[in-house]
$ cat target.pdb   # PDB, C-alpha atoms
ATOM      1  CA  PHE D  26     -26.881  -2.362  14.385
ATOM      2  CA  PHE D  27     -26.336   1.290  13.568
ATOM      3  CA  PHE D  28     -23.784   2.175  10.872
ATOM      4  CA  ALA D  29     -22.416   5.716  10.752
ATOM      5  CA  TRP D  30     -21.086   7.557   7.740
ATOM      6  CA  GLY D  31     -17.324   7.972   7.556
ATOM      7  CA  THR D  32     -15.308  10.418   5.477
ATOM      8  CA  VAL D  33     -15.541   9.048   1.925
ATOM      9  CA  PRO D  34     -15.081  12.053  -0.381
ATOM     10  CA  PRO D  35     -15.946  11.927  -4.089
ATOM     11  CA  PRO D  36     -12.940  10.802  -6.162
ATOM     12  CA  MET D  37     -11.013  13.272  -8.282
ATOM     13  CA  GLY D  38     -11.928  13.244 -11.954
ATOM     14  CA  PHE D  39     -15.056  11.184 -11.390
ATOM     15  CA  ALA D  40     -17.896  12.487 -13.559
ATOM     16  CA  PRO D  41     -21.426  11.363 -14.486
ATOM     17  CA  ARG D  42     -22.124   9.731 -17.852
ATOM     18  CA  HIS D  43     -24.712  12.403 -18.725
ATOM     19  CA  VAL D  44     -25.771  15.763 -17.311
ATOM     20  CA  LEU D  45     -29.374  16.469 -18.298
ATOM     21  CA  SER D  46     -30.331  20.131 -18.496
ATOM     22  CA  GLY D  47     -33.625  21.694 -19.518
ATOM     23  CA  HIS D  48     -35.531  22.434 -16.336
ATOM     24  CA  GLY D  49     -35.794  26.111 -15.494
ATOM     25  CA  HIS D  50     -35.643  25.569 -11.727
ATOM     26  CA  TRP D  51     -34.943  22.943  -9.070
ATOM     27  CA  VAL D  52     -35.764  19.336  -9.985
ATOM     28  CA  HIS D  53     -37.840  17.938  -7.135
ATOM     29  CA  SER D  54     -39.013  14.486  -8.265
ATOM     30  CA  VAL D  55     -37.568  11.700 -10.416
ATOM     31  CA  ALA D  56     -39.036   8.394 -11.627
ATOM     32  CA  MET D  57     -37.343   5.666 -13.671
ATOM     33  CA  GLU D  58     -38.555   2.678 -15.617
ATOM     34  CA  GLY D  59     -36.388   0.833 -18.098
ATOM     35  CA  GLU D  60     -34.422   3.367 -20.142
ATOM     36  CA  ILE D  61     -36.794   6.249 -19.421
ATOM     37  CA  ILE D  62     -36.480   8.966 -16.773
ATOM     38  CA  ALA D  63     -39.290  11.317 -15.776
ATOM     39  CA  SER D  64     -38.386  14.446 -13.824
ATOM     40  CA  GLY D  65     -40.565  17.177 -12.376
ATOM     41  CA  GLY D  66     -39.736  20.398 -10.612
ATOM     42  CA  TRP D  67     -40.331  23.977  -9.690
ATOM     43  CA  ASP D  68     -40.692  25.038 -13.328
ATOM     44  CA  ARG D  69     -44.062  23.175 -13.344
ATOM     45  CA  THR D  70     -43.048  20.788 -16.121
ATOM     46  CA  VAL D  71     -42.408  17.054 -16.387
ATOM     47  CA  ARG D  72     -39.556  16.097 -18.705
ATOM     48  CA  LEU D  73     -38.739  12.691 -20.184
ATOM     49  CA  TRP D  74     -35.188  11.528 -20.927
ATOM     50  CA  ASN D  75     -33.359   8.503 -22.316
ATOM     51  CA  THR D  76     -30.804   7.113 -19.857
ATOM     52  CA  ASN D  77     -28.530   5.611 -22.508
ATOM     53  CA  SER D  78     -28.175   8.592 -24.831
ATOM     54  CA  GLY D  79     -29.067  11.400 -22.439
ATOM     55  CA  ALA D  80     -31.496  12.725 -25.045
ATOM     56  CA  ALA D  81     -34.512  14.811 -24.069
ATOM     57  CA  LEU D  82     -37.658  13.005 -25.252
ATOM     58  CA  ALA D  83     -40.565  15.237 -24.239
ATOM     59  CA  CYS D  84     -41.635  18.190 -22.111
ATOM     60  CA  LEU D  85     -45.076  17.713 -20.544
ATOM     61  CA  GLN D  86     -46.925  20.851 -19.554
ATOM     62  CA  GLY D  87     -50.204  21.584 -17.841
ATOM     63  CA  HIS D  88     -49.408  22.008 -14.165
ATOM     64  CA  LYS D  89     -49.757  25.458 -12.599
ATOM     65  CA  ALA D  90     -47.656  24.724  -9.512
ATOM     66  CA  THR D  91     -44.422  22.946  -8.560
ATOM     67  CA  VAL D  92     -44.399  19.279  -9.574
ATOM     68  CA  ARG D  93     -43.762  17.408  -6.332
ATOM     69  CA  ALA D  94     -44.128  13.778  -7.491
ATOM     70  CA  CYS D  95     -44.155  11.811 -10.739
ATOM     71  CA  ALA D  96     -44.606   8.182 -11.748
ATOM     72  CA  LEU D  97     -43.972   6.245 -14.971
ATOM     73  CA  ALA D  98     -45.937   3.383 -16.510
ATOM     74  CA  THR D  99     -44.110   2.673 -19.769
ATOM     75  CA  SER D 100     -46.243  -0.413 -20.423
ATOM     76  CA  GLN D 101     -49.227   1.937 -20.682
ATOM     77  CA  ASP D 102     -47.350   4.827 -22.353
ATOM     78  CA  ALA D 103     -48.460   6.887 -19.366
ATOM     79  CA  VAL D 104     -46.927   9.479 -17.044
ATOM     80  CA  ALA D 105     -48.577  10.821 -13.888
ATOM     81  CA  ALA D 106     -47.519  13.812 -11.819
ATOM     82  CA  GLY D 107     -48.856  15.603  -8.762
ATOM     83  CA  ALA D 108     -48.270  19.249  -7.905
ATOM     84  CA  ALA D 109     -48.132  21.557  -4.918
ATOM     85  CA  ASP D 110     -51.683  22.799  -5.580
ATOM     86  CA  GLY D 111     -53.148  19.292  -5.188
ATOM     87  CA  VAL D 112     -53.715  18.685  -8.899
ATOM     88  CA  VAL D 113     -52.746  15.327 -10.434
ATOM     89  CA  LEU D 114     -52.359  15.071 -14.226
ATOM     90  CA  LEU D 115     -52.157  11.900 -16.296
ATOM     91  CA  TRP D 116     -50.576  12.044 -19.750
ATOM     92  CA  ARG D 117     -50.851   9.280 -22.340
ATOM     93  CA  HIS D 118     -48.865   8.965 -25.527
ATOM     94  CA  GLY D 119     -50.883   9.016 -28.745
ATOM     95  CA  PRO D 120     -50.560   9.967 -32.413
ATOM     96  CA  LYS D 121     -49.925  13.601 -31.462
ATOM     97  CA  GLY D 122     -47.472  12.788 -28.670
ATOM     98  CA  PHE D 123     -48.260  13.082 -24.974
ATOM     99  CA  GLU D 124     -51.623  14.607 -24.104
ATOM    100  CA  VAL D 125     -53.426  15.040 -20.781
ATOM    101  CA  SER D 126     -56.051  12.296 -20.484
ATOM    102  CA  ARG D 127     -57.058  12.670 -16.831
ATOM    103  CA  SER D 128     -56.996  15.411 -14.218
ATOM    104  CA  TRP D 129     -57.834  15.102 -10.520
ATOM    105  CA  THR D 130     -57.963  17.726  -7.813
ATOM    106  CA  GLY D 131     -57.415  16.869  -4.165
ATOM    107  CA  PRO D 132     -58.837  18.940  -1.298
ATOM    108  CA  LYS D 133     -55.968  18.342   1.103
ATOM    109  CA  GLY D 134     -53.165  20.421  -0.358
ATOM    110  CA  GLU D 135     -49.963  19.498  -2.163
ATOM    111  CA  VAL D 136     -49.358  16.055  -3.619
ATOM    112  CA  VAL D 137     -46.220  14.624  -2.025
ATOM    113  CA  GLY D 138     -46.075  11.167  -3.587
ATOM    114  CA  CYS D 139     -47.533   9.037  -6.362
ATOM    115  CA  CYS D 140     -46.976   5.523  -7.674
ATOM    116  CA  TRP D 141     -48.603   2.928  -9.897
ATOM    117  CA  SER D 142     -50.018  -0.414  -8.851
ATOM    118  CA  PRO D 143     -47.973  -3.353 -10.205
ATOM    119  CA  ASP D 144     -50.424  -3.837 -13.105
ATOM    120  CA  ALA D 145     -50.537  -0.052 -13.832
ATOM    121  CA  ARG D 146     -54.327  -0.020 -13.561
ATOM    122  CA  LEU D 147     -54.415   1.990 -10.343
ATOM    123  CA  LEU D 148     -52.698   5.281  -9.539
ATOM    124  CA  VAL D 149     -51.955   6.016  -5.890
ATOM    125  CA  CYS D 150     -51.423   9.618  -4.770
ATOM    126  CA  ALA D 151     -50.554  11.003  -1.344
ATOM    127  CA  ASP D 152     -51.353  14.540  -0.274
ATOM    128  CA  GLY D 153     -51.165  16.336   3.057
ATOM    129  CA  GLY D 154     -54.039  14.438   4.628
ATOM    130  CA  SER D 155     -54.923  11.347   2.625
ATOM    131  CA  ILE D 156     -53.934   8.552   0.265
ATOM    132  CA  LYS D 157     -56.198   8.169  -2.760
ATOM    133  CA  VAL D 158     -56.325   5.110  -5.027
ATOM    134  CA  ARG D 159     -57.772   5.861  -8.469
ATOM    135  CA  ASP D 160     -58.767   3.708 -11.424
ATOM    136  CA  VAL D 161     -57.055   5.359 -14.386
ATOM    137  CA  GLU D 162     -59.506   4.068 -17.009
ATOM    138  CA  SER D 163     -62.694   5.256 -15.330
ATOM    139  CA  GLY D 164     -61.096   8.086 -13.405
ATOM    140  CA  ARG D 165     -63.012   7.232 -10.242
ATOM    141  CA  THR D 166     -61.506   7.107  -6.770
ATOM    142  CA  VAL D 167     -61.529   3.472  -5.676
ATOM    143  CA  SER D 168     -60.590   4.135  -2.050
ATOM    144  CA  ALA D 169     -59.133   6.762   0.252
ATOM    145  CA  MET D 170     -57.311   6.526   3.573
ATOM    146  CA  MET D 171     -57.819   9.771   5.474
ATOM    147  CA  GLN D 172     -54.646   9.890   7.542
ATOM    148  CA  PRO D 173     -51.584  12.138   7.123
ATOM    149  CA  ARG D 174     -48.872  10.285   5.238
ATOM    150  CA  THR D 175     -45.835  11.360   3.320
ATOM    151  CA  LEU D 176     -44.577   9.022   0.583
ATOM    152  CA  CYS D 177     -45.874   5.831  -0.981
ATOM    153  CA  CYS D 178     -44.600   2.899  -3.035
ATOM    154  CA  ALA D 179     -46.240  -0.296  -4.291
ATOM    155  CA  HIS D 180     -45.039  -3.783  -5.170
ATOM    156  CA  GLY D 181     -46.138  -7.390  -5.495
ATOM    157  CA  PRO D 182     -48.027  -9.370  -8.138
ATOM    158  CA  PRO D 183     -51.350  -8.013  -9.437
ATOM    159  CA  SER D 184     -53.105 -10.758  -7.455
ATOM    160  CA  ALA D 185     -51.735  -9.406  -4.152
ATOM    161  CA  PRO D 186     -50.435  -5.839  -4.589
ATOM    162  CA  LEU D 187     -49.168  -4.060  -1.478
ATOM    163  CA  LEU D 188     -48.881  -0.330  -0.872
ATOM    164  CA  TYR D 189     -46.354   1.056   1.636
ATOM    165  CA  THR D 190     -46.867   4.504   3.127
ATOM    166  CA  GLY D 191     -44.638   6.555   5.411
ATOM    167  CA  VAL D 192     -46.266   8.465   8.245
ATOM    168  CA  ALA D 193     -45.435  11.634  10.157
ATOM    169  CA  ASP D 194     -45.161   9.687  13.423
ATOM    170  CA  GLY D 195     -42.258   7.603  12.095
ATOM    171  CA  THR D 196     -44.191   4.438  11.258
ATOM    172  CA  CYS D 197     -44.589   2.740   7.872
ATOM    173  CA  HIS D 198     -47.865   1.014   6.976
ATOM    174  CA  ALA D 199     -48.538  -1.727   4.435
ATOM    175  CA  TRP D 200     -51.934  -1.882   2.716
ATOM    176  CA  ASP D 201     -53.545  -4.465   0.456
ATOM    177  CA  LEU D 202     -54.559  -2.431  -2.603
ATOM    178  CA  ARG D 203     -57.507  -4.761  -3.193
ATOM    179  CA  THR D 204     -59.026  -3.881   0.222
ATOM    180  CA  PRO D 205     -57.089  -0.882   1.576
ATOM    181  CA  ALA D 206     -59.471  -0.005   4.407
ATOM    182  CA  ARG D 207     -57.096  -1.409   7.037
ATOM    183  CA  ALA D 208     -53.312  -1.673   7.274
ATOM    184  CA  VAL D 209     -51.972  -5.212   6.826
ATOM    185  CA  HIS D 210     -48.982  -4.516   9.060
ATOM    186  CA  THR D 211     -47.056  -1.616  10.555
ATOM    187  CA  LEU D 212     -43.280  -1.124  10.771
ATOM    188  CA  CYS D 213     -41.998   0.905  13.742
ATOM    189  CA  GLY D 214     -38.462   2.200  14.163
ATOM    190  CA  HIS D 215     -38.024   5.833  13.132
ATOM    191  CA  SER D 216     -38.139   8.408  15.926
ATOM    192  CA  LYS D 217     -39.417  11.142  13.586
ATOM    193  CA  GLY D 218     -41.496  11.382  10.425
ATOM    194  CA  ILE D 219     -40.700   9.323   7.317
ATOM    195  CA  LYS D 220     -39.753  11.307   4.224
ATOM    196  CA  ALA D 221     -38.808   8.535   1.762
ATOM    197  CA  CYS D 222     -39.611   4.887   1.068
ATOM    198  CA  THR D 223     -38.695   2.509  -1.733
ATOM    199  CA  ILE D 224     -38.857  -1.197  -2.612
ATOM    200  CA  SER D 225     -35.930  -3.217  -3.956
ATOM    201  CA  SER D 226     -36.253  -4.716  -7.430
ATOM    202  CA  GLY D 227     -36.408  -8.193  -5.909
ATOM    203  CA  GLY D 228     -39.374  -7.155  -3.786
ATOM    204  CA  PHE D 229     -37.944  -8.480  -0.506
ATOM    205  CA  LEU D 230     -36.433  -5.309   0.973
ATOM    206  CA  LEU D 231     -38.021  -1.983   1.887
ATOM    207  CA  ALA D 232     -35.976   1.135   2.663
ATOM    208  CA  THR D 233     -37.304   4.101   4.598
ATOM    209  CA  GLY D 234     -35.662   7.427   5.434
ATOM    210  CA  GLY D 235     -36.767  10.225   7.656
ATOM    211  CA  TYR D 236     -36.285  13.345   9.681
ATOM    212  CA  ASP D 237     -34.371  11.387  12.333
ATOM    213  CA  ARG D 238     -31.438  11.467   9.847
ATOM    214  CA  GLN D 239     -31.493   7.709   9.414
ATOM    215  CA  ALA D 240     -32.288   5.234   6.667
ATOM    216  CA  LYS D 241     -33.623   1.832   7.618
ATOM    217  CA  VAL D 242     -33.653  -1.373   5.588
ATOM    218  CA  TRP D 243     -36.479  -3.798   6.324
ATOM    219  CA  ASP D 244     -36.932  -7.444   5.356
ATOM    220  CA  ILE D 245     -40.532  -7.530   4.130
ATOM    221  CA  ARG D 246     -40.782 -11.280   4.689
ATOM    222  CA  THR D 247     -39.960 -11.069   8.405
ATOM    223  CA  LEU D 248     -41.048  -7.413   8.971
ATOM    224  CA  LYS D 249     -37.724  -6.846  10.740
ATOM    225  CA  ASP D 250     -35.410  -3.829  10.641
ATOM    226  CA  THR D 251     -32.170  -5.380   9.368
ATOM    227  CA  HIS D 252     -29.960  -2.273   9.055
ATOM    228  CA  THR D 253     -29.956   1.320  10.250
ATOM    229  CA  LEU D 254     -27.726   3.694   8.281
ATOM    230  CA  GLY D 255     -26.903   7.214   9.413
ATOM    231  CA  GLY D 256     -24.151   9.611  10.342
ATOM    232  CA  GLY D 257     -25.167  12.570   8.204
ATOM    233  CA  LYS D 258     -26.400  15.850   9.637
ATOM    234  CA  GLY D 259     -29.309  16.185   7.241
ATOM    235  CA  PHE D 260     -32.611  14.317   7.075
ATOM    236  CA  VAL D 261     -33.010  11.536   4.501
ATOM    237  CA  PHE D 262     -34.944  13.167   1.661
ATOM    238  CA  SER D 263     -34.840  10.277  -0.828
ATOM    239  CA  CYS D 264     -33.506   6.734  -1.164
ATOM    240  CA  ALA D 265     -33.175   4.066  -3.834
ATOM    241  CA  PHE D 266     -31.850   0.522  -4.087
ATOM    242  CA  ALA D 267     -29.164   0.011  -6.745
ATOM    243  CA  ARG D 268     -27.977  -3.157  -8.470
ATOM    244  CA  GLY D 269     -30.817  -5.194  -7.036
ATOM    245  CA  ASP D 270     -30.491  -5.399  -3.272
ATOM    246  CA  ALA D 271     -26.719  -4.847  -3.096
ATOM    247  CA  TYR D 272     -26.583  -1.068  -2.574
ATOM    248  CA  LEU D 273     -28.696   1.697  -1.078
ATOM    249  CA  VAL D 274     -28.347   5.304  -2.249
ATOM    250  CA  THR D 275     -29.603   8.143  -0.040
ATOM    251  CA  GLY D 276     -30.085  11.853  -0.716
ATOM    252  CA  LEU D 277     -29.667  14.069   2.351
ATOM    253  CA  GLY D 278     -31.304  17.387   3.117
ATOM    254  CA  ASN D 279     -30.142  20.430   5.073
ATOM    255  CA  PRO D 280     -27.295  20.963   5.865
ATOM    256  CA  ASP D 281     -25.563  18.157   3.899
ATOM    257  CA  TYR D 282     -27.266  18.221   0.474
ATOM    258  CA  GLN D 283     -25.196  15.170  -0.497
ATOM    259  CA  VAL D 284     -25.724  11.729  -2.010
ATOM    260  CA  HIS D 285     -24.374   8.706  -0.134
ATOM    261  CA  VAL D 286     -23.846   5.227  -1.585
ATOM    262  CA  TRP D 287     -24.027   2.343   0.906
ATOM    263  CA  GLY D 288     -23.013  -1.249   0.344
ATOM    264  CA  LEU D 289     -25.447  -3.713   1.932
ATOM    265  CA  CYS D 290     -23.696  -7.037   1.255
ATOM    266  CA  PRO D 291     -22.243  -8.837   3.098
ATOM    267  CA  SER D 292     -22.677  -6.123   5.750
ATOM    268  CA  PRO D 293     -23.577  -2.413   5.484
ATOM    269  CA  SER D 294     -20.770   0.082   4.938
ATOM    270  CA  PRO D 295     -20.461   3.610   3.481
ATOM    271  CA  LEU D 296     -18.766   3.391   0.092
ATOM    272  CA  LEU D 297     -18.984   6.666  -1.795
ATOM    273  CA  MET D 298     -20.152  10.267  -1.570
ATOM    274  CA  LEU D 299     -21.544  11.938  -4.702
ATOM    275  CA  PRO D 300     -22.274  15.634  -5.190
ATOM    276  CA  GLY D 301     -25.813  16.774  -4.571
ATOM    277  CA  ASN D 302     -27.298  20.264  -4.629
ATOM    278  CA  GLU D 303     -26.033  23.545  -3.250
ATOM    279  CA  ASP D 304     -29.101  24.361  -1.149
ATOM    280  CA  HIS D 305     -31.772  21.819  -2.034
ATOM    281  CA  ALA D 306     -32.121  18.175  -0.976
ATOM    282  CA  PRO D 307     -31.170  15.825  -3.843
ATOM    283  CA  THR D 308     -33.519  13.214  -5.242
ATOM    284  CA  VAL D 309     -32.094   9.792  -6.174
ATOM    285  CA  GLN D 310     -33.416   6.968  -8.368
ATOM    286  CA  ALA D 311     -31.805   3.783  -9.683
ATOM    287  CA  HIS D 312     -32.617   1.081 -12.209
ATOM    288  CA  GLY D 313     -30.343  -1.685 -13.420
ATOM    289  CA  HIS D 314     -26.868  -0.252 -14.069
ATOM    290  CA  THR D 315     -28.040   3.356 -13.895
ATOM    291  CA  LEU D 316     -28.191   5.821 -11.004
ATOM    292  CA  VAL D 317     -29.828   9.242 -11.367
ATOM    293  CA  THR D 318     -29.316  12.132  -8.944
ATOM    294  CA  THR D 319     -30.511  15.728  -9.039
ATOM    295  CA  GLY D 320     -27.878  18.429  -8.842
ATOM    296  CA  ALA D 321     -27.055  22.104  -8.661
ATOM    297  CA  GLY D 322     -27.897  24.161 -11.723
ATOM    298  CA  HIS D 323     -31.330  22.510 -12.103
ATOM    299  CA  VAL D 324     -29.817  19.401 -13.733
ATOM    300  CA  LEU D 325     -30.012  15.637 -13.427
ATOM    301  CA  ARG D 326     -26.844  13.541 -13.307
ATOM    302  CA  VAL D 327     -26.882  10.069 -14.845
ATOM    303  CA  TRP D 328     -24.237   7.759 -13.406
ATOM    304  CA  ALA D 329     -23.370   4.407 -14.987
ATOM    305  CA  TRP D 330     -22.563   1.732 -12.425
ATOM    306  CA  PRO D 331     -19.427   0.506 -14.292
ATOM    307  CA  ASP D 332     -18.069   4.054 -13.768
ATOM    308  CA  ILE D 333     -18.999   4.052 -10.080
ATOM    309  CA  ALA D 334     -17.726   0.593  -9.121
ATOM    310  CA  PRO D 335     -13.952   1.290  -9.366
ATOM    311  CA  HIS D 336     -14.312   4.171  -6.896
ATOM    312  CA  LEU D 337     -16.105   2.281  -4.137
ATOM    313  CA  VAL D 338     -13.987   1.918  -1.017
ATOM    314  CA  ARG D 339     -13.402  -1.492   0.489
ATOM    315  CA  PRO D 340     -15.591  -2.278   3.504
ATOM    316  CA  SER D 341     -12.431  -2.413   5.631
ATOM    317  CA  ASP D 342     -11.726   1.230   4.722
ATOM    318  CA  ALA D 343     -15.109   2.394   6.000
ATOM    319  CA  ILE D 344     -16.002   3.243   9.558
ATOM    320  CA  ALA D 345     -16.652   0.234  11.782
ATOM    321  CA  PRO D 346     -20.195  -0.382  12.989
ATOM    322  CA  ARG D 347     -21.188   0.409  16.534
ATOM    323  CA  GLN D 348     -24.160  -1.093  18.299
ATOM    324  CA  ASN D 349     -27.156   1.162  18.509
ATOM    325  CA  PRO D 350     -27.696   2.115  22.128
TER     326      PRO D 350
END
$ encode --input "target.pdb" --output "structure tokens"
Amino acid sequence: FFFAWGTVPPPMGFAPRHVLSGHGHWVHSVAMEGEIIASGGWDRTVRLWNTNSGAALACLQGHKATVRACALATSQDAVAAGAADGVVLLWRHGPKGFEVSRSWTGPKGEVVGCCWSPDARLLVCADGGSIKVRDVESGRTVSAMMQPRTLCCAHGPPSAPLLYTGVADGTCHAWDLRTPARAVHTLCGHSKGIKACTISSGGFLLATGGYDRQAKVWDIRTLKDTHTLGGGKGFVFSCAFARGDAYLVTGLGNPDYQVHVWGLCPSPSPLLMLPGNEDHAPTVQAHGHTLVTTGAGHVLRVWAWPDIAPHLVRPSDAIAPRQNP
């Protein structure tokens, strides 16, 4: 079934818990783990924040181009970020704070996605023409898939870690990180290229969003497309599951530049619209009771779910589903 977005404007007087300012230009990428946020943007820096207090924790420098992707591994005190010039930097926290411990340069142009393996031993980076899997201790490239992909995310136990990659032809591939020479399975459904993909905290649902202006929710166990969410005029730039598998948050690109909150249980429905950017697609991330969105003025907005919940419309107030032709 296809579910279209109805008119659900942001409520009056509704404000984020924190507004994080410090970046000198647009914030392009956001990663979250526990109480820590990592954000990277056009000012070529990666900044770390505390979600509870809103405090700025660190400003990581070293990139010479726009930071397009970042990934956190708090268990390893490590932050990785890839830039528009193809350079990937790895910072580790030591006695003197965060310092660059690894640097890689890719030949295929800008880095558009990066993520850690579940055990944080491998770093996966996607550029314009390949996916590279690197061992962070040795620095060597373990494997490379030379096909154009967009975004990547990983999940599963260390004994069977899976990597999901979105492709320009609208398909999503799953790879076994232990032997990534061949895709384990392929998900087909988008009519245009995939721009975003994310895994739910439970590990059973995958969400993808693309240039066809739709977000799809997949059951990883059955490899089936369970929901298709759309209705906006802009492409789906980013997406994130919130409160486990109960909600999906999407950030839309031109011309909407908005953030949409969807309820997934018991059936999908549009619940809330949050402000995004003025002329730049917003990035969204969620963890536990916290939702983070990028906004106008080069800021990040931190929303607490107890503040959001009272403003969600009832499913009966949202637009009714229509069957996808």
$ resolve_selection --input "target.pdb" --expression "the PyMOL selection byres ((chain D and resi 122) around 12)" --output "count of residues only"
16
$ residues_around --input "target.pdb" --residues "Arg165 (chain D)" --least-positions-apart "5" --cutoff "12 Å" --atoms "only C-alpha atoms" --output "ChimeraX atom specification"
/D:127-130,146-149,157-160
$ closest_residue --input "target.pdb" --among "D:Gly288, D:Gly66, D:Gly107, D:Pro307" --to "Ala334 (chain D)" --atoms "only C-alpha atoms"
D:Gly288
$ resolve_selection --input "target.pdb" --expression "the PyMOL selection byres ((chain D and resi 302-304) around 12)" --output "PyMOL selection string"
chain D and resi 51-53+259+276-284+299-301+305-309+318-326
$ residues_around --input "target.pdb" --residues "Leu176 (chain D)" --least-positions-apart "4" --cutoff "8 Å" --atoms "only C-alpha atoms" --output "MDAnalysis selection string"
chainID D and resid 137:139 151 190:192 219:222
$ build_atoms --input "target.pdb" --residues "region 49-55 of chain D" --atoms "all heavy atoms" --output "mmCIF file, keeping the file's coordinate frame"
data_model
loop_
_atom_site.group_PDB
_atom_site.id
_atom_site.type_symbol
_atom_site.label_atom_id
_atom_site.label_comp_id
_atom_site.auth_asym_id
_atom_site.auth_seq_id
_atom_site.Cartn_x
_atom_site.Cartn_y
_atom_site.Cartn_z
ATOM 1 N N GLY D 49 -36.079 24.719 -15.786
ATOM 2 C CA GLY D 49 -35.794 26.111 -15.494
ATOM 3 C C GLY D 49 -35.634 26.402 -14.026
ATOM 4 O O GLY D 49 -35.354 27.544 -13.654
ATOM 5 N N HIS D 50 -35.793 25.371 -13.162
ATOM 6 C CA HIS D 50 -35.643 25.569 -11.727
ATOM 7 C C HIS D 50 -35.318 24.215 -11.100
ATOM 8 O O HIS D 50 -35.078 23.244 -11.805
ATOM 9 C CB HIS D 50 -36.920 26.172 -11.139
ATOM 10 C CG HIS D 50 -36.681 27.130 -10.005
ATOM 11 N ND1 HIS D 50 -35.994 26.767 -8.865
ATOM 12 C CD2 HIS D 50 -37.026 28.432 -9.838
ATOM 13 C CE1 HIS D 50 -35.948 27.796 -8.033
ATOM 14 N NE2 HIS D 50 -36.551 28.836 -8.609
ATOM 15 N N TRP D 51 -35.318 24.173 -9.756
ATOM 16 C CA TRP D 51 -34.943 22.943 -9.070
ATOM 17 C C TRP D 51 -35.759 21.752 -9.543
ATOM 18 O O TRP D 51 -36.969 21.842 -9.739
ATOM 19 C CB TRP D 51 -35.130 23.100 -7.561
ATOM 20 C CG TRP D 51 -34.210 24.067 -6.883
ATOM 21 C CD1 TRP D 51 -34.560 25.197 -6.212
ATOM 22 C CD2 TRP D 51 -32.787 23.987 -6.823
ATOM 23 N NE1 TRP D 51 -33.442 25.837 -5.730
ATOM 24 C CE2 TRP D 51 -32.329 25.113 -6.086
ATOM 25 C CE3 TRP D 51 -31.842 23.077 -7.305
ATOM 26 C CZ2 TRP D 51 -30.982 25.350 -5.832
ATOM 27 C CZ3 TRP D 51 -30.499 23.322 -7.053
ATOM 28 C CH2 TRP D 51 -30.095 24.434 -6.337
ATOM 29 N N VAL D 52 -35.083 20.594 -9.686
ATOM 30 C CA VAL D 52 -35.764 19.336 -9.985
ATOM 31 C C VAL D 52 -36.117 18.679 -8.653
ATOM 32 O O VAL D 52 -35.243 18.422 -7.826
ATOM 33 C CB VAL D 52 -34.877 18.399 -10.822
ATOM 34 C CG1 VAL D 52 -35.618 17.101 -11.110
ATOM 35 C CG2 VAL D 52 -34.462 19.077 -12.115
ATOM 36 N N HIS D 53 -37.389 18.423 -8.435
ATOM 37 C CA HIS D 53 -37.840 17.938 -7.135
ATOM 38 C C HIS D 53 -38.128 16.442 -7.125
ATOM 39 O O HIS D 53 -37.942 15.783 -6.102
ATOM 40 C CB HIS D 53 -39.101 18.700 -6.706
ATOM 41 C CG HIS D 53 -39.505 18.455 -5.289
ATOM 42 N ND1 HIS D 53 -39.030 19.201 -4.240
ATOM 43 C CD2 HIS D 53 -40.329 17.526 -4.742
ATOM 44 C CE1 HIS D 53 -39.543 18.758 -3.110
ATOM 45 N NE2 HIS D 53 -40.334 17.747 -3.387
ATOM 46 N N SER D 54 -38.607 15.885 -8.238
ATOM 47 C CA SER D 54 -39.013 14.486 -8.265
ATOM 48 C C SER D 54 -38.452 13.787 -9.495
ATOM 49 O O SER D 54 -38.313 14.392 -10.560
ATOM 50 C CB SER D 54 -40.541 14.371 -8.250
ATOM 51 O OG SER D 54 -41.096 15.033 -9.364
ATOM 52 N N VAL D 55 -38.125 12.508 -9.331
ATOM 53 C CA VAL D 55 -37.568 11.700 -10.416
ATOM 54 C C VAL D 55 -38.192 10.313 -10.357
ATOM 55 O O VAL D 55 -38.345 9.725 -9.280
ATOM 56 C CB VAL D 55 -36.036 11.578 -10.317
ATOM 57 C CG1 VAL D 55 -35.491 10.710 -11.452
ATOM 58 C CG2 VAL D 55 -35.376 12.948 -10.339
#
